[in-house]
Amino acid sequence: MDPSRSASRGVGPLAKVTYVEFDGTEHVVDVPVGTSVMKGAIRNNVPGIDADCGGHCSCATCHVHVVAPWRDKVGEATGAEQALLQFADGVDGGSRLSCQILITHDLDGLVVTMPEVQG
Amino acid sequence: MDRPQRVVIVGGGQAGGATAALLRAYGFDGAIVLIGEEPGLPYERPPLSKAWLKGQADADSLLLKPAGFYEEQGIDLLLQRTAVTIDRVARTVGLDDGRMVGYDRLVLATGSRARRIDVHGHDLDNVLYLRDQADAERLKAVLSTGGRIVICGGGYIGLEVAAAARDLGVEVTVIEQQQRLLARVASEPLAAFFLRHHLDHGVDFRLNAQITTFVQEDHKVVGVALATGELLPCDAVVIGIGAVPQDGLAIAAGLECDDGVIVDGSACTSDPCIFAIGDVSRRPVVLYDCSFRFESVPNLIEQAKQVAAAFTGRPAPRPETPWFWSDQYDTKLQIAGMVCRGGALVIRGDEAQNRFAVFHLKGNRLMAVEAVNSPAEFMAGKKIIADCRHVCVDKLGDLDVPMRDMII
């Protein structure tokens with residue numbers, strides 16, 4: 001198999017991501033390095049992320065809040081992502097569209113929380 | 001009504017897959033059976049007319065859920081099977097292999113199929129449609145050999161295929177019966193923009209054009225003849241003239257249908273045990289006080305949430321603003337709301353810069369926004385429509401006034 005493809009098939013390196021639902025329910029998921037925080041949620045059926053557009057930064061239905069200690073490492077929204085986020089519900093300083101956060105080794109242990117509603 | 005214990009979903013596309021997954025996410029612990037006609041697992045269709053054609057997506061990357069998901073979640077998959085009958089009294093679905101599957105609740109997610117063209121030569125090998133992965137793979141193979149194609153239909157599918165084909169260096173002519181592109185679904189300024197945008201990328205157009213025949217040699221189309229007498233030589237023809245709901249099963253079962261299965265705000269049909277979602281359903285649109293049959297992913301996700309909520313006793317989700325997107329070349333179009341004729345239009349931004357939005361208004365109520373490379377205008381518009389807020393019509397066109405200051 002082409003080694004560059006192995007991560008997307010789930011046999012490459014993984015990082016732990018904790019998704020916290022609005023009601024506090026936690027989901028700890030292994031997400032392959034190189035895939036997005038959104039895909040990690042969708043592929044593991046974590047509720048609270050709709051991802052209407054499938055990860056093309058065309059909507060704001062995969063909105064998450066990056067918890068404070070991780071904000072520097074994850075970075076801020078820019079461009080179209082920022083434009084979409086400014087009108088999403090419940091935006092705060094840690095708001096990102098999870099389709100735009102790609103998992104790296106540095107993000108092993110990342111914690112994100114989900115808003116009450118998407119869009 | 002009692003909570004269901006056994007849910008059968010007919011349709012293995014994104015709507016069927018999303019319903020099964022959401023039911024489990026919402027804690028449904030009864031049996032789920034998913035019946036699909038295609039050989040593979042449920043996948044995302046929108047990239048088929050975009051990334052797939054350019055070799056930037058494959059079957060694995062489009063999967064809604066990974067292969068192991070369905071077994072882990074106890075979702076019974078019956079693939080490459082067609083539901084052929086519904087017995088509403090016995091509550092069973094009959095399959096093409098003779099099997100009968102019983103249900104407490106049935107979800108019809110049978111989608112739509114490409115409308116066939118009624119032109120002599122329509123059944124030739126290189127007259128292509130685009131609906132599923134097999135169609136997309138055939139079209140991709142044609143585009144990879146270069147040459148030239150004729151696209152029948154200047155709607156979103158036709159234009160997205162045109163963009164992908166041009167990116168691959170294929171010569172493209174688009175034939176449209178109407179006087180302009182996107183005649184049913186977009187405003188005139190938006191259609192005019194896309195015409196110019198595609199012309200700039202080397203697409204040739206024949207508007208207001210009637211096809212008389214597909215000229216053939218050796219069971220292949222070699223040209224498209226127009227009523228004007230013009231002959232457009234080509235290596236293949238792509239048809240994108242709309243979609244029709246696959247509601248035959250529902251009609252045969254006596255469910256209320258009218259160009260789609262009629263459902264209420266929780267996706268329930270005229271039979272309280274049968275629901276219908278996605279392209280096949282004609283649903284109420286609360287914000288517009290009408291009913292409509294949408295062909296979009298956001299629509300099917302909204303309805304899948306309605307069904308999952310109804311089956312698990314959760315409160316019904318809040319009505320959403322309909323929305324839609326299209327990617328062509330480096331241009332991202334996002335539309336929120338329903339584009340209706342007769343309203344006033346305000347344009348914000350610069351069409352020549354490929355960055356503008358068309359706002360559709362009734363008085364100072366925003367009805368729709370068509371946003372080209374303008375995510376803030378799209379998102380603000382979607383929100384304003386959902387909240388039924390009024391806007392400052394005279395400021396909308398002024399780029400110096402930020403969108404957040406438009407709300408009255």
# chains A, B, ... in the order shown; residues from 1 in each chain; ligands from 1
$ interface_residues --of "chain B" --to "chain A" --cutoff "10 Å" --atoms "only C-alpha atoms" --output "VMD selection string"
chain B and resid 18 21 to 22 24 to 26 44 to 47 60 to 67 69 73 296 to 302 305 317 to 318 320 to 321 323 to 327 332 to 334 373 to 384 386 403 to 404
$ residues_around --residues "range 92-106 of chain A" --least-positions-apart "4" --cutoff "10 Å" --atoms "only C-alpha atoms" --output "VMD selection string"
chain A and resid 13 to 17 31 to 41 49 51 53 to 57 59 to 78 81 to 82 84 to 86 88 110 112 to 115
$ select_by_dssp --residues "range 50-117 of chain A" --states "strand (DSSP E)" --output "PyMOL selection string"
chain A and resi 63-66+95-97+110-113
$ atom_distance --atom1 "CA of Gly229 in chain B" --atom2 "CA of Ile149 in chain B"
18.6 Å
$ atom_distance --atom1 "CA of Met367 in chain B" --atom2 "CA of Gln14 in chain B"
27.8 Å
$ decode --residues "range 186-272 of chain B" --atoms "C-alpha atoms" --output "compact mmCIF listing (two decimals), in the first residue's frame"
# COMPACT_ATOMS: atom_id res chain seq x y z
CA ALA B 186 -30.74 31.28 -9.56
CA SER B 187 -31.19 35.01 -10.13
CA GLU B 188 -30.30 36.66 -13.42
CA PRO B 189 -27.22 38.48 -12.05
CA LEU B 190 -25.85 35.19 -10.71
CA ALA B 191 -26.55 33.36 -13.98
CA ALA B 192 -24.89 36.17 -15.95
CA PHE B 193 -21.84 35.96 -13.68
CA PHE B 194 -21.46 32.20 -14.20
CA LEU B 195 -21.89 32.57 -17.95
CA ARG B 196 -19.03 35.08 -18.05
CA HIS B 197 -16.94 33.04 -15.61
CA HIS B 198 -17.21 29.91 -17.77
CA LEU B 199 -16.61 31.87 -20.97
CA ASP B 200 -13.41 33.21 -19.35
CA HIS B 201 -12.38 29.59 -18.78
CA GLY B 202 -12.98 28.68 -22.41
CA VAL B 203 -16.42 27.03 -22.25
CA ASP B 204 -18.57 27.49 -25.34
CA PHE B 205 -22.34 28.00 -24.92
CA ARG B 206 -25.45 27.53 -27.00
CA LEU B 207 -28.32 29.16 -25.12
CA ASN B 208 -31.96 29.02 -26.16
CA ALA B 209 -30.96 25.93 -28.15
CA GLN B 210 -32.96 22.86 -29.18
CA ILE B 211 -31.26 19.52 -29.75
CA THR B 212 -32.69 17.61 -32.71
CA THR B 213 -30.59 14.45 -32.62
CA PHE B 214 -27.44 12.76 -31.40
CA VAL B 215 -25.49 11.89 -34.53
CA GLN B 216 -24.05 8.39 -34.23
CA GLU B 217 -21.38 6.17 -35.68
CA ASP B 218 -20.69 2.61 -34.39
CA HIS B 219 -23.09 2.96 -31.44
CA LYS B 220 -21.38 6.12 -30.29
CA VAL B 221 -22.43 9.75 -30.41
CA VAL B 222 -20.04 11.73 -32.59
CA GLY B 223 -21.99 14.96 -32.66
CA VAL B 224 -25.01 16.86 -31.41
CA ALA B 225 -27.29 18.41 -34.02
CA LEU B 226 -29.21 21.58 -33.13
CA ALA B 227 -32.45 22.92 -34.56
CA THR B 228 -30.48 25.76 -36.15
CA GLY B 229 -28.75 23.15 -38.30
CA GLU B 230 -25.48 23.46 -36.44
CA LEU B 231 -23.59 20.25 -35.68
CA LEU B 232 -21.37 20.14 -32.58
CA PRO B 233 -18.81 17.32 -32.94
CA CYS B 234 -17.90 15.57 -29.69
CA ASP B 235 -16.37 12.49 -28.09
CA ALA B 236 -19.11 12.16 -25.46
CA VAL B 237 -22.32 13.80 -24.28
CA VAL B 238 -23.11 14.53 -20.63
CA ILE B 239 -26.74 15.01 -19.63
CA GLY B 240 -27.57 17.24 -16.66
CA ILE B 241 -31.22 18.20 -17.02
CA GLY B 242 -32.47 17.71 -13.50
CA ALA B 243 -33.53 14.88 -11.25
CA VAL B 244 -36.81 13.10 -10.61
CA PRO B 245 -37.82 11.65 -7.23
CA GLN B 246 -37.75 7.88 -6.86
CA ASP B 247 -41.23 7.76 -5.36
CA GLY B 248 -42.59 4.76 -7.28
CA LEU B 249 -42.49 2.49 -4.24
CA ALA B 250 -44.42 5.06 -2.20
CA ILE B 251 -47.00 5.65 -4.95
CA ALA B 252 -47.56 1.91 -5.30
CA ALA B 253 -48.08 1.69 -1.54
CA GLY B 254 -50.77 4.39 -1.73
CA LEU B 255 -48.83 7.07 0.16
CA GLU B 256 -49.73 10.66 -0.65
CA CYS B 257 -47.31 11.89 -3.34
CA ASP B 258 -46.98 14.90 -5.61
CA ASP B 259 -43.63 14.98 -7.39
CA GLY B 260 -42.15 13.41 -4.26
CA VAL B 261 -43.53 11.81 -1.12
CA ILE B 262 -45.48 14.36 0.90
CA VAL B 263 -44.25 14.62 4.49
CA ASP B 264 -44.84 16.83 7.50
CA GLY B 265 -42.33 18.73 9.65
CA SER B 266 -41.12 15.52 11.28
CA ALA B 267 -40.72 13.81 7.87
CA CYS B 268 -43.80 11.63 8.47
CA THR B 269 -45.80 10.58 5.38
CA SER B 270 -49.57 10.05 5.18
CA ASP B 271 -48.92 6.72 6.98
CA PRO B 272 -47.88 7.40 10.59
